[in-house]
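Structure below is entry_3.txt: compact mmCIF, C-alpha atoms.
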```
# COMPACT_ATOMS: atom_id res chain seq x y z
CA MET A 19 106.29 32.09 131.16
CA GLU A 20 105.36 29.20 133.41
CA GLU A 21 107.05 31.00 136.28
CA ASN A 22 105.00 34.06 135.53
CA LYS A 23 101.79 32.19 135.61
CA THR A 24 102.55 30.66 138.98
CA ASN A 25 103.26 34.14 140.30
CA SER A 26 100.07 35.53 138.93
CA MET A 27 98.26 32.57 140.40
CA THR A 28 99.55 33.45 143.87
CA LYS A 29 98.86 37.09 143.32
CA TYR A 30 95.25 36.48 142.42
CA ALA A 31 94.74 33.61 144.74
CA LEU A 32 92.54 35.63 147.04
CA PRO A 33 89.75 36.60 144.63
CA LEU A 34 89.79 33.15 143.09
CA VAL A 35 89.36 31.63 146.51
CA ALA A 36 86.36 33.89 146.97
CA VAL A 37 84.90 32.62 143.74
CA ILE A 38 85.46 29.04 144.80
CA ILE A 39 83.88 29.65 148.18
CA ILE A 40 80.78 30.91 146.41
CA ILE A 41 80.69 27.79 144.27
CA VAL A 42 81.14 25.55 147.29
CA ALA A 43 78.33 27.43 148.98
CA VAL A 44 76.20 26.91 145.92
CA VAL A 45 76.87 23.19 145.91
CA ALA A 46 76.10 23.01 149.61
CA VAL A 47 72.88 24.97 149.21
CA TYR A 48 71.94 22.89 146.21
CA THR A 49 72.57 19.67 148.08
CA TYR A 50 70.60 20.93 151.03
CA THR A 51 67.57 22.19 149.13
CA ASN A 52 67.57 19.14 146.95
CA ASN A 53 66.99 17.06 150.02
CA SER A 54 63.84 19.03 150.61
CA SER A 55 62.97 18.43 146.94
CA GLU A 56 62.59 22.04 145.87
CA GLU A 57 61.94 22.10 142.17
CA SER A 58 63.09 25.62 141.63
CA THR A 59 66.56 24.91 142.99
CA PRO A 60 68.35 24.75 139.64
CA VAL A 61 67.14 28.26 138.93
CA ASN A 62 68.61 29.52 142.18
CA THR A 63 71.83 27.73 141.47
CA GLN A 64 72.03 29.51 138.18
CA SER A 65 71.66 32.92 139.70
CA GLU A 66 74.46 32.13 142.10
CA SER A 67 76.80 31.19 139.29
CA MET A 68 75.73 34.34 137.54
CA THR A 69 77.11 36.34 140.44
CA ILE A 70 80.45 34.69 139.84
CA LEU A 71 80.45 35.79 136.23
CA ASP A 72 79.49 39.31 137.14
CA SER A 73 82.73 39.63 139.07
CA SER A 74 84.49 39.67 135.70
CA GLU A 75 84.12 43.43 135.71
CA ASN A 76 86.22 43.63 138.84
CA SER A 77 88.80 41.32 137.37
CA GLN A 78 89.22 43.71 134.50
CA ILE A 79 89.90 46.59 136.84
CA LEU A 80 92.47 44.59 138.73
CA GLY A 81 94.15 43.50 135.50
CA TYR A 82 94.21 39.73 135.67
CA LYS A 83 96.38 37.87 133.18
CA ASP A 84 94.74 35.89 130.41
CA GLY A 85 94.80 32.16 130.99
CA THR A 86 93.05 29.20 132.43
CA TYR A 87 93.03 28.83 136.19
CA THR A 88 92.05 25.68 138.00
CA ALA A 89 91.46 25.28 141.70
CA ASN A 90 89.95 22.80 144.09
CA GLY A 91 87.12 23.49 146.46
CA ASN A 92 86.15 21.58 149.56
CA TYR A 93 82.97 21.27 151.53
CA VAL A 94 81.72 19.02 154.25
CA SER A 95 78.70 16.94 153.34
CA PRO A 96 76.69 14.92 155.87
CA GLY A 97 78.81 11.99 154.66
CA GLY A 98 82.14 13.72 155.25
CA PRO A 99 84.46 16.08 153.33
CA ARG A 100 84.07 16.25 149.55
CA GLU A 101 86.04 17.91 146.79
CA ILE A 102 85.13 19.71 143.58
CA GLY A 103 87.24 21.26 140.83
CA VAL A 104 86.63 24.62 139.23
CA THR A 105 88.27 25.99 136.11
CA ILE A 106 88.03 29.59 134.98
CA THR A 107 89.26 31.02 131.68
CA LEU A 108 90.18 34.71 131.60
CA ALA A 109 90.58 36.65 128.36
CA GLY A 110 91.01 40.39 128.22
CA GLY A 111 90.24 40.59 131.90
CA VAL A 112 86.87 38.93 131.47
CA ILE A 113 85.85 35.45 132.56
CA THR A 114 85.00 33.83 129.25
CA ASP A 115 84.42 30.31 130.43
CA THR A 116 83.97 28.38 133.63
CA SER A 117 83.65 24.70 134.23
CA PHE A 118 82.87 22.49 137.15
CA GLU A 119 84.11 19.00 137.95
CA GLY A 120 82.54 16.78 140.59
CA ARG A 121 85.02 14.49 142.37
CA ALA A 122 82.87 12.49 144.72
CA ASP A 123 82.97 8.69 144.91
CA ASP A 124 79.91 7.94 146.99
CA PRO A 125 76.62 7.73 145.07
CA THR A 126 74.79 10.51 146.92
CA SER A 127 77.47 13.16 146.48
CA LYS A 128 78.06 11.94 142.94
CA ARG A 129 74.41 12.48 142.18
CA PHE A 130 74.28 15.94 143.73
CA GLN A 131 77.52 17.04 142.09
CA GLY A 132 76.27 15.58 138.81
CA GLU A 133 73.01 17.46 139.03
CA PHE A 134 74.88 20.62 139.88
CA SER A 135 77.20 20.07 136.94
CA ASP A 136 74.29 19.48 134.56
CA ASN A 137 72.74 22.73 135.62
CA TYR A 138 75.92 24.72 135.94
CA ALA A 139 76.38 27.04 133.03
CA PRO A 140 77.15 30.69 132.56
CA MET A 141 74.60 33.35 131.86
CA ILE A 142 73.76 33.84 128.21
CA VAL A 143 74.59 37.18 126.66
CA GLY A 144 73.72 36.74 123.00
CA LYS A 145 75.51 37.51 119.77
CA ASN A 146 74.21 39.23 116.64
CA ILE A 147 73.00 36.71 114.10
CA ASP A 148 75.13 38.22 111.33
CA GLU A 149 78.29 37.61 113.36
CA VAL A 150 77.69 33.88 113.34
CA ALA A 151 77.74 31.68 110.24
CA LEU A 152 74.44 29.85 110.41
CA THR A 153 72.14 28.19 107.97
CA LYS A 154 69.25 27.76 110.37
CA VAL A 155 67.88 29.41 113.45
CA SER A 156 65.58 27.66 115.89
CA GLY A 157 63.25 29.94 117.77
CA SER A 158 59.85 31.46 117.82
CA SER A 159 60.11 34.86 116.15
CA LEU A 160 58.24 33.50 113.16
CA THR A 161 54.98 34.29 114.84
CA PRO A 162 52.20 32.40 113.17
CA ILE A 163 50.87 34.21 110.19
CA GLY A 164 47.37 35.44 110.77
CA PHE A 165 47.94 35.69 114.48
CA LYS A 166 50.34 38.54 113.88
CA ASP A 167 48.05 40.23 111.36
CA ALA A 168 45.13 40.06 113.75
CA LEU A 169 47.20 41.56 116.55
CA GLU A 170 48.36 44.39 114.29
CA LYS A 171 44.76 45.16 113.35
CA ILE A 172 43.69 45.25 116.98
CA LYS A 173 46.61 47.55 117.79
CA ALA A 174 45.66 49.87 114.94
CA GLN A 175 42.06 49.96 116.13
CA ALA A 176 43.17 50.77 119.63
CA GLN A 177 45.25 53.68 118.40
CA SER A 178 42.62 55.25 116.12
CA MET B 11 71.40 15.87 92.25
CA ASP B 12 70.77 19.44 93.26
CA THR B 13 69.63 21.34 96.28
CA ARG B 14 65.98 22.27 95.98
CA GLN B 15 63.64 24.24 98.14
CA LEU B 16 59.92 24.24 98.85
CA THR B 17 58.36 27.13 100.74
CA PHE B 18 54.76 27.46 101.73
CA GLU B 19 52.44 28.54 104.52
CA ALA B 20 50.42 26.02 106.46
CA ILE B 21 48.93 25.52 109.94
CA GLY B 22 49.65 29.16 110.68
CA THR B 23 53.37 29.07 110.08
CA GLN B 24 56.03 29.44 107.40
CA TRP B 25 57.57 26.23 106.07
CA VAL B 26 60.93 25.93 104.34
CA ILE B 27 61.97 22.50 103.10
CA ASP B 28 65.47 22.14 101.66
CA TYR B 29 66.33 18.81 100.10
CA ILE B 30 68.68 17.16 97.68
CA GLY B 31 66.78 15.69 94.76
CA ASP B 32 67.33 14.85 91.14
CA LYS B 33 64.24 16.09 89.31
CA VAL B 34 62.86 19.60 89.16
CA SER B 35 59.59 18.26 87.79
CA LYS B 36 58.99 16.34 90.99
CA LYS B 37 58.78 19.52 93.03
CA ASN B 38 55.15 20.26 92.30
CA THR B 39 53.97 16.71 92.91
CA LEU B 40 55.83 16.75 96.19
CA LEU B 41 54.32 20.04 97.27
CA GLN B 42 50.82 18.82 96.41
CA GLU B 43 51.28 15.66 98.44
CA ILE B 44 52.60 17.65 101.39
CA MET B 45 49.64 20.01 101.31
CA ARG B 46 47.30 17.04 101.13
CA GLU B 47 48.85 15.47 104.24
CA ILE B 48 48.67 18.72 106.16
CA ASN B 49 45.08 19.34 105.15
CA ALA B 50 44.06 15.82 106.11
CA PHE B 51 45.41 16.44 109.60
CA ASP B 52 44.06 19.96 109.87
CA VAL B 53 40.52 19.03 108.92
CA LEU B 54 40.43 16.62 111.83
CA TYR B 55 42.47 18.26 114.56
CA SER B 56 42.48 22.03 114.11
CA ARG B 57 40.42 24.04 116.54
CA PHE B 58 40.78 27.02 114.21
CA ARG B 59 38.66 25.42 111.48
CA GLU B 60 34.88 25.45 111.73
CA ASP B 61 34.63 22.28 109.67
CA SER B 62 37.10 20.24 111.72
CA LEU B 63 36.30 17.18 113.79
CA ILE B 64 37.61 19.07 116.83
CA SER B 65 35.14 21.92 116.26
CA HIS B 66 32.34 19.38 116.04
CA ILE B 67 33.45 17.59 119.22
CA ALA B 68 33.58 20.96 121.00
CA THR B 69 29.81 21.16 121.01
CA THR B 70 28.74 17.55 120.68
CA PRO B 71 29.80 14.90 123.20
CA GLY B 72 29.67 11.34 121.95
CA LYS B 73 31.66 8.51 120.45
CA TYR B 74 34.03 9.30 117.60
CA PRO B 75 36.08 6.85 115.58
CA ILE B 76 39.55 8.38 115.23
CA SER B 77 42.55 7.71 113.02
CA ALA B 78 45.73 5.97 114.16
CA ASP B 79 47.57 9.27 114.39
CA GLY B 80 44.81 10.67 116.59
CA VAL B 81 45.24 7.72 118.95
CA GLN B 82 49.02 8.18 118.95
CA LEU B 83 48.79 11.89 119.75
CA LEU B 84 46.17 11.48 122.49
CA THR B 85 48.18 8.67 124.06
CA LEU B 86 51.27 10.88 124.17
CA TYR B 87 49.18 13.76 125.54
CA LYS B 88 47.91 11.54 128.36
CA GLN B 89 51.41 10.37 129.24
CA LEU B 90 52.66 13.96 129.42
CA TYR B 91 49.47 15.12 131.16
CA ASP B 92 50.31 12.73 133.98
CA LEU B 93 54.01 13.69 134.07
CA THR B 94 53.24 17.42 134.21
CA ASN B 95 50.43 17.10 136.77
CA GLY B 96 47.86 18.14 134.21
CA ALA B 97 49.69 21.23 132.95
CA PHE B 98 50.26 19.85 129.45
CA THR B 99 46.78 19.07 128.25
CA PRO B 100 44.69 19.14 125.07
CA LEU B 101 41.85 20.35 127.31
CA ILE B 102 43.51 23.79 127.45
CA GLY B 103 41.45 24.65 124.32
CA ASN B 104 38.59 26.36 126.14
CA MET B 105 40.96 28.32 128.35
CA LEU B 106 43.04 29.55 125.41
CA ALA B 107 39.87 30.53 123.57
CA ASP B 108 38.51 32.35 126.64
CA ALA B 109 41.82 34.17 127.02
CA GLY B 110 41.22 35.51 123.51
CA TYR B 111 43.22 33.02 121.47
CA ASP B 112 40.14 31.78 119.65
CA ALA B 113 39.25 30.69 116.14
CA SER B 114 38.65 34.28 115.05
CA TYR B 115 41.82 35.57 116.81
CA SER B 116 39.76 38.07 118.83
CA PHE B 117 42.35 38.51 121.63
CA GLN B 118 39.57 39.80 123.85
CA PRO B 119 40.12 38.01 127.16
CA LYS B 120 37.09 36.79 129.10
CA LYS B 121 37.03 35.34 132.57
CA LEU B 122 39.12 32.17 132.56
CA GLN B 123 38.08 28.83 133.93
CA LYS B 124 40.29 25.88 134.78
CA PRO B 125 40.33 23.20 132.13
CA PRO B 126 38.40 20.06 133.01
CA ARG B 127 40.21 16.96 134.21
CA TRP B 128 41.15 14.41 131.56
CA GLU B 129 39.06 11.64 133.12
CA ASP B 130 35.97 13.87 133.18
CA VAL B 131 36.08 14.41 129.44
CA ILE B 132 38.20 11.93 127.51
CA THR B 133 38.18 8.16 127.26
CA LEU B 134 40.20 6.46 124.60
CA ASP B 135 38.92 2.99 123.77
CA ASN B 136 41.13 1.54 121.05
CA SER B 137 40.32 3.74 118.07
CA THR B 138 37.19 5.24 119.59
CA LEU B 139 37.35 8.59 121.28
CA ILE B 140 34.60 9.00 123.85
CA ILE B 141 33.88 12.61 124.77
CA LYS B 142 31.79 12.84 127.92
CA ASN B 143 31.48 16.61 128.16
CA PRO B 144 31.77 19.34 125.53
CA ALA B 145 35.36 20.62 125.32
CA ILE B 146 37.58 22.32 122.78
CA LEU B 147 40.55 20.02 122.29
CA ASP B 148 43.79 21.71 121.34
CA PHE B 149 46.62 19.82 119.65
CA GLY B 150 48.85 22.91 119.57
CA GLY B 151 51.35 21.42 122.02
CA LEU B 152 52.55 18.83 119.51
CA GLY B 153 50.61 19.14 116.25
CA LYS B 154 53.33 20.98 114.38
CA GLY B 155 56.05 18.58 115.50
CA TYR B 156 53.91 15.67 114.39
CA MET B 157 53.28 17.22 110.96
CA ILE B 158 57.04 17.70 110.46
CA ASP B 159 57.56 13.96 111.10
CA VAL B 160 54.75 13.08 108.69
CA ILE B 161 56.31 15.19 105.94
CA ALA B 162 59.73 13.66 106.63
CA SER B 163 58.27 10.17 106.03
CA LEU B 164 56.71 11.45 102.83
CA LEU B 165 60.06 12.77 101.56
CA GLU B 166 61.75 9.48 102.46
CA LYS B 167 59.05 7.58 100.57
CA HIS B 168 60.11 9.60 97.54
CA GLY B 169 63.69 8.45 97.99
CA ILE B 170 64.89 11.74 99.41
CA GLN B 171 67.59 11.04 102.00
CA ASN B 172 69.02 14.47 102.71
CA PHE B 173 66.71 17.22 103.81
CA CYS B 174 65.91 19.90 106.33
CA ILE B 175 62.33 20.75 107.27
CA ASP B 176 61.93 24.08 109.03
CA ALA B 177 58.45 25.00 110.20
CA GLY B 178 58.68 28.36 111.91
CA GLY B 179 61.90 27.52 113.75
CA ASP B 180 61.12 23.89 114.60
CA ILE B 181 63.56 21.85 112.56
CA LEU B 182 64.12 18.25 111.47
CA TYR B 183 67.42 17.52 109.76
CA LYS B 184 68.43 14.32 107.95
CA ASN B 185 71.71 13.52 106.30
CA HIS B 186 72.56 9.97 105.25
CA LYS B 187 76.31 10.61 105.64
CA ASP B 188 75.86 11.90 109.18
CA VAL B 189 77.03 15.39 108.28
CA GLY B 190 75.72 17.70 110.99
CA ILE B 191 74.24 21.16 110.91
CA ASP B 192 74.77 24.17 113.19
CA ILE B 193 71.53 25.70 114.35
CA GLY B 194 71.40 29.07 116.04
CA LEU B 195 69.29 29.36 119.17
CA GLU B 196 67.32 32.54 118.77
CA HIS B 197 67.52 35.00 121.64
CA PRO B 198 64.03 34.93 123.16
CA GLN B 199 64.00 38.69 123.65
CA ASN B 200 66.04 39.91 120.72
CA PHE B 201 65.33 38.24 117.41
CA ASN B 202 68.46 39.75 115.85
CA GLN B 203 70.57 37.71 118.22
CA VAL B 204 71.32 34.11 118.99
CA ILE B 205 72.23 32.90 122.46
CA GLY B 206 74.18 29.96 121.17
CA VAL B 207 74.63 27.34 118.51
CA ALA B 208 73.56 23.70 118.69
CA HIS B 209 74.98 20.99 116.49
CA ILE B 210 72.54 18.30 115.40
CA VAL B 211 72.57 15.42 112.95
CA ASN B 212 69.63 13.19 112.02
CA GLN B 213 67.57 14.70 114.80
CA SER B 214 64.92 17.31 115.45
CA ILE B 215 65.13 20.51 117.43
CA CYS B 216 62.11 22.42 118.67
CA ALA B 217 61.90 25.70 120.53
CA SER B 218 59.28 27.02 122.85
CA ALA B 219 59.05 30.55 124.17
CA GLY B 220 56.36 32.66 125.72
CA ASN B 221 57.32 35.62 123.59
CA ARG B 222 55.60 34.27 120.54
CA ARG B 223 51.85 34.50 120.28
CA LYS B 224 51.60 37.08 123.00
CA TRP B 225 48.59 39.26 123.67
CA SER B 226 47.24 41.25 126.61
CA GLN B 227 48.79 39.71 129.76
CA TYR B 228 48.83 36.27 128.13
CA HIS B 229 50.90 34.16 125.81
CA HIS B 230 50.19 30.74 124.40
CA ILE B 231 51.90 28.81 127.18
CA MET B 232 49.24 29.01 129.84
CA ASN B 233 49.27 27.34 133.21
CA PRO B 234 45.92 25.62 133.71
CA HIS B 235 46.34 25.65 137.49
CA THR B 236 47.15 29.34 137.95
CA LEU B 237 45.08 30.52 134.95
CA SER B 238 47.93 32.75 133.87
CA ALA B 239 50.80 32.72 131.41
CA GLN B 240 53.70 30.54 132.54
CA ASN B 241 56.67 32.85 133.10
CA THR B 242 59.13 30.90 135.23
CA VAL B 243 60.98 29.87 132.07
CA LEU B 244 61.87 32.20 129.20
CA ALA B 245 62.62 29.71 126.46
CA THR B 246 63.41 26.05 125.89
CA TRP B 247 64.97 23.97 123.15
CA VAL B 248 64.68 20.23 122.90
CA VAL B 249 66.66 17.86 120.66
CA ALA B 250 65.11 14.44 120.12
CA ASP B 251 64.84 11.64 117.58
CA THR B 252 61.34 12.69 116.59
CA THR B 253 59.98 16.18 116.12
CA LEU B 254 56.79 15.08 117.88
CA VAL B 255 58.65 14.42 121.13
CA ALA B 256 60.89 17.50 120.74
CA ASP B 257 57.85 19.76 120.24
CA ALA B 258 55.85 18.34 123.14
CA ILE B 259 58.74 18.27 125.63
CA ALA B 260 59.76 21.85 124.76
CA THR B 261 56.43 23.00 126.21
CA CYS B 262 56.43 20.52 129.12
CA LEU B 263 59.78 21.95 130.30
CA PHE B 264 57.90 25.14 131.20
CA PHE B 265 56.11 23.15 133.90
CA THR B 266 58.13 20.12 134.89
CA ALA B 267 61.78 19.45 135.76
CA PRO B 268 63.76 17.81 132.94
CA GLU B 269 64.82 14.94 135.24
CA VAL B 270 61.19 13.94 135.69
CA LEU B 271 60.47 13.98 131.95
CA ARG B 272 63.68 12.12 131.17
CA GLU B 273 62.51 9.16 133.21
CA GLN B 274 60.12 8.35 130.35
CA PHE B 275 61.49 10.20 127.31
CA SER B 276 64.92 10.51 125.85
CA PHE B 277 65.91 14.00 124.78
CA GLU B 278 68.50 16.72 125.30
CA TYR B 279 67.54 20.22 126.39
CA VAL B 280 68.46 23.85 126.88
CA ILE B 281 66.41 26.00 129.25
CA VAL B 282 66.79 29.79 129.51
CA TYR B 283 65.40 31.34 132.67
CA PRO B 284 64.08 34.91 133.04
CA ASP B 285 67.37 35.99 134.66
CA HIS B 286 69.19 34.82 131.49
CA THR B 287 70.90 31.91 133.16
CA VAL B 288 70.78 28.61 131.34
CA ALA B 289 70.49 24.94 132.19
CA LYS B 290 71.30 22.19 129.75
CA SER B 291 71.68 18.44 129.64
CA SER B 292 75.20 17.05 129.41
CA ASN B 293 74.98 15.48 125.95
CA ILE B 294 73.73 18.39 123.90
CA PRO B 295 76.50 19.84 121.72
CA VAL B 296 75.84 23.53 122.19
CA GLU B 297 78.04 26.59 122.45
CA PHE B 298 76.62 29.55 124.36
CA TYR B 299 77.32 33.22 123.74
```

Taking this structure as input, can you express it in the form of structure tokens?
Amino acid sequence: MEENKTNSMTKYALPLVAVIIIIVAVVAVYTYTNNSSEESTPVNTQSESMTILDSSENSQILGYKDGTYTANGNYVSPGGPREIGVTITLAGGVITDTSFEGRADDPTSKRFQGEFSDNYAPMIVGKNIDEVALTKVSGSSLTPIGFKDALEKIKAQAQS
Amino acid sequence: MDTRQLTFEAIGTQWVIDYIGDKVSKKNTLLQEIMREINAFDVLYSRFREDSLISHIATTPGKYPISADGVQLLTLYKQLYDLTNGAFTPLIGNMLADAGYDASYSFQPKKLQKPPRWEDVITLDNSTLIIKNPAILDFGGLGKGYMIDVIASLLEKHGIQNFCIDAGGDILYKNHKDVGIDIGLEHPQNFNQVIGVAHIVNQSICASAGNRRKWSQYHHIMNPHTLSAQNTVLATWVVADTTLVADAIATCLFFTAPEVLREQFSFEYVIVYPDHTVAKSSNIPVEFY
């Protein structure tokens, strides 16, 4: 089994490397733009990681084995080479989870990798409420009473 | 000891209070006291009531003695006003009303004007509020969160230790044995779905989303600088020790980076962006779907 996994790891090394390169690029971009104090950076970072998740469709076509794959990524910061760790979980040919681990020792890289890590999360998809056992839901669908009525009345007037 | 429930409508939203208590007979007394607290707040700080202090201030500048809670709320508003570069402001009242979100819910937008600067209108001198120019003050950014905290204190005064107050999706949960609760995070664009589940115990969680209270090209989270609805964020959730802070920060996150707000407030957050990506703080126990 272990043997198998190692094989599959080699077999799929190429696409995984591609994924890691994207992540490294994201970290680099993030680090760079953060220096110029762009507030919207975390948003951009998110869309980049989204691209990674979207590749799950391809992975299904290629028939990846279920499992958790971990790899290291490297990039060169102004302070020298730095390393990050990336873990991807595949189930049914789809990436179901990804995680990021910063491995810097110096404070600046630590901070940037930390900020990236805080903001690094997959895209939300959603799940039907009845599929999840919940006692409470936090949100805003409970539009204030009165507000909703008034809107309905205005809509009705507009249609008549 | 049994589980009991109070449900009622107040300050424009649906309230559900679940608690563990011993006497059925107490329920009505409790409900009456809650309504009294809410009304006492509303009659001072609601811009939707003709007879409120706020409605009076709107037309008549001058000096007004205000209650301790009024001072507390205005002080918090000022702190967040500064942190958000003026985006989170009680002075948004006129702009919301002009956009159509007025006392009569007309939803007929007029030409919008930027809200006045804090220092041009408000001075807080101990418990005296000095209004220099007529302005509609709006406590909508934190009023509900504050009321939830007030009701929680009321329940505790009655010896109730385990309860959950849910006011239209903003929730405070207390359990004296530290047993947590799983709370679904409603999908901002599909109310039949949740985007994840957060686990909280003895904390509050508040949500903010532009999808609620939406009319014409506006929704209730308006940017006072651009005079338009703020659409760079789809939804936010904030977990904090008080509902007041959770409620206020949930709106501030539409305008200001969490790192900036966390320099002065302690809270955990989830932010959903229009492209459905999410950002969250490291210590919030949440599972995403």

* **Residue nearest chain B among A:Ala122, A:Ala89, A:Val150, A:Leu108 (counting all atoms listed in the file)** =>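 Under the stated criterion, the closest residue is A:Val150.
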
Near chain A, 8 Å: chain B residue rows, closest pairs, all atoms listed in the file, as CSV:
```
residue,atom,partner,partner_atom,distance
B:Gly22,CA,A:Pro162,CA,4.8
B:Thr23,CA,A:Pro162,CA,4.7
B:Gln24,CA,A:Leu160,CA,7.4
B:Tyr115,CA,A:Ala168,CA,6.4
B:Ser116,CA,A:Ala168,CA,7.7
B:Phe117,CA,A:Leu169,CA,7.7
B:Gly178,CA,A:Leu160,CA,5.3
B:Gly179,CA,A:Ser156,CA,4.3
B:Asp180,CA,A:Ser156,CA,6.0
B:Ile181,CA,A:Ser156,CA,7.0
B:Ile191,CA,A:Thr153,CA,7.9
B:Asp192,CA,A:Leu152,CA,6.3
B:Ile193,CA,A:Lys154,CA,5.0
B:Gly194,CA,A:Val155,CA,4.4
B:Leu195,CA,A:Ser156,CA,5.2
B:Glu196,CA,A:Gly157,CA,4.9
B:His197,CA,A:Gly144,CA,6.6
B:Pro198,CA,A:Gly157,CA,7.4
B:Phe201,CA,A:Ser159,CA,6.3
B:Asn202,CA,A:Ile147,CA,5.7
B:Gln203,CA,A:Asn146,CA,4.2
B:Val204,CA,A:Gly144,CA,5.4
B:Ile205,CA,A:Gly144,CA,4.2
B:Gly206,CA,A:Gly144,CA,7.0
B:Ile215,CA,A:Ser156,CA,7.3
B:Cys216,CA,A:Ser156,CA,6.9
B:Ala217,CA,A:Gly157,CA,5.2
B:Ser218,CA,A:Ser158,CA,6.7
B:Ala219,CA,A:Ser158,CA,6.5
B:Asn221,CA,A:Ser158,CA,7.5
B:Arg222,CA,A:Thr161,CA,5.7
B:Arg223,CA,A:Thr161,CA,6.3
B:Trp225,CA,A:Leu169,CA,7.6
B:Ala267,CA,A:Glu57,CA,6.9
B:Tyr283,CA,A:Val61,CA,7.2
B:Asp285,CA,A:Ser65,CA,7.3
B:His286,CA,A:Met141,CA,5.6
B:Thr287,CA,A:Met141,CA,4.2
B:Val288,CA,A:Ala139,CA,6.1
B:Ala289,CA,A:Asn137,CA,4.7
B:Lys290,CA,A:Asn137,CA,6.1
B:Ser291,CA,A:Asp136,CA,5.7
B:Ser292,CA,A:Asp136,CA,5.8
B:Phe298,CA,A:Ile142,CA,6.4
B:Tyr299,CA,A:Gly144,CA,5.1
```

Would you write out those residues with C-alpha atoms, as an mmCIF file, in the coordinates of the input?
```
data_model
loop_
_atom_site.group_PDB
_atom_site.id
_atom_site.type_symbol
_atom_site.label_atom_id
_atom_site.label_comp_id
_atom_site.auth_asym_id
_atom_site.auth_seq_id
_atom_site.Cartn_x
_atom_site.Cartn_y
_atom_site.Cartn_z
ATOM 1 C CA GLY B 22 49.650 29.160 110.680
ATOM 2 C CA THR B 23 53.370 29.070 110.080
ATOM 3 C CA GLN B 24 56.030 29.440 107.400
ATOM 4 C CA TYR B 115 41.820 35.570 116.810
ATOM 5 C CA SER B 116 39.760 38.070 118.830
ATOM 6 C CA PHE B 117 42.350 38.510 121.630
ATOM 7 C CA GLY B 178 58.680 28.360 111.910
ATOM 8 C CA GLY B 179 61.900 27.520 113.750
ATOM 9 C CA ASP B 180 61.120 23.890 114.600
ATOM 10 C CA ILE B 181 63.560 21.850 112.560
ATOM 11 C CA ILE B 191 74.240 21.160 110.910
ATOM 12 C CA ASP B 192 74.770 24.170 113.190
ATOM 13 C CA ILE B 193 71.530 25.700 114.350
ATOM 14 C CA GLY B 194 71.400 29.070 116.040
ATOM 15 C CA LEU B 195 69.290 29.360 119.170
ATOM 16 C CA GLU B 196 67.320 32.540 118.770
ATOM 17 C CA HIS B 197 67.520 35.000 121.640
ATOM 18 C CA PRO B 198 64.030 34.930 123.160
ATOM 19 C CA PHE B 201 65.330 38.240 117.410
ATOM 20 C CA ASN B 202 68.460 39.750 115.850
ATOM 21 C CA GLN B 203 70.570 37.710 118.220
ATOM 22 C CA VAL B 204 71.320 34.110 118.990
ATOM 23 C CA ILE B 205 72.230 32.900 122.460
ATOM 24 C CA GLY B 206 74.180 29.960 121.170
ATOM 25 C CA ILE B 215 65.130 20.510 117.430
ATOM 26 C CA CYS B 216 62.110 22.420 118.670
ATOM 27 C CA ALA B 217 61.900 25.700 120.530
ATOM 28 C CA SER B 218 59.280 27.020 122.850
ATOM 29 C CA ALA B 219 59.050 30.550 124.170
ATOM 30 C CA ASN B 221 57.320 35.620 123.590
ATOM 31 C CA ARG B 222 55.600 34.270 120.540
ATOM 32 C CA ARG B 223 51.850 34.500 120.280
ATOM 33 C CA TRP B 225 48.590 39.260 123.670
ATOM 34 C CA ALA B 267 61.780 19.450 135.760
ATOM 35 C CA TYR B 283 65.400 31.340 132.670
ATOM 36 C CA ASP B 285 67.370 35.990 134.660
ATOM 37 C CA HIS B 286 69.190 34.820 131.490
ATOM 38 C CA THR B 287 70.900 31.910 133.160
ATOM 39 C CA VAL B 288 70.780 28.610 131.340
ATOM 40 C CA ALA B 289 70.490 24.940 132.190
ATOM 41 C CA LYS B 290 71.300 22.190 129.750
ATOM 42 C CA SER B 291 71.680 18.440 129.640
ATOM 43 C CA SER B 292 75.200 17.050 129.410
ATOM 44 C CA PHE B 298 76.620 29.550 124.360
ATOM 45 C CA TYR B 299 77.320 33.220 123.740
#
```

* What separation in Å, quoted to one decimal, exists between CA of Asp257 (chain B) and CA of Phe18 (chain B)? ->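 One can read the CA of Asp257 (chain B) to CA of Phe18 (chain B) distance as 20.3 Å.
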
* Asked: How many Å lie between CA of Gly72 (chain B) and CA of Ile140 (chain B), rounded to one decimal?
  -> 5.8 Å

What's around region 44-50 of chain B at 10 Å? Count all atoms listed in the file, leave out sequence neighbours fewer than 2 positions away in its own chain, and write the answer as a tab-separated table (two decimals) with C-alpha atoms, keeping the file's coordinate frame.
```tsv
chain	number	residue	atom	x	y	z
B	18	PHE	CA	54.76	27.46	101.73
B	19	GLU	CA	52.44	28.54	104.52
B	20	ALA	CA	50.42	26.02	106.46
B	21	ILE	CA	48.93	25.52	109.94
B	38	ASN	CA	55.15	20.26	92.30
B	39	THR	CA	53.97	16.71	92.91
B	40	LEU	CA	55.83	16.75	96.19
B	41	LEU	CA	54.32	20.04	97.27
B	42	GLN	CA	50.82	18.82	96.41
B	52	ASP	CA	44.06	19.96	109.87
B	53	VAL	CA	40.52	19.03	108.92
B	54	LEU	CA	40.43	16.62	111.83
B	55	TYR	CA	42.47	18.26	114.56
B	56	SER	CA	42.48	22.03	114.11
B	62	SER	CA	37.10	20.24	111.72
B	154	LYS	CA	53.33	20.98	114.38
B	157	MET	CA	53.28	17.22	110.96
B	158	ILE	CA	57.04	17.70	110.46
B	160	VAL	CA	54.75	13.08	108.69
B	161	ILE	CA	56.31	15.19	105.94
B	162	ALA	CA	59.73	13.66	106.63
B	164	LEU	CA	56.71	11.45	102.83
B	165	LEU	CA	60.06	12.77	101.56
```
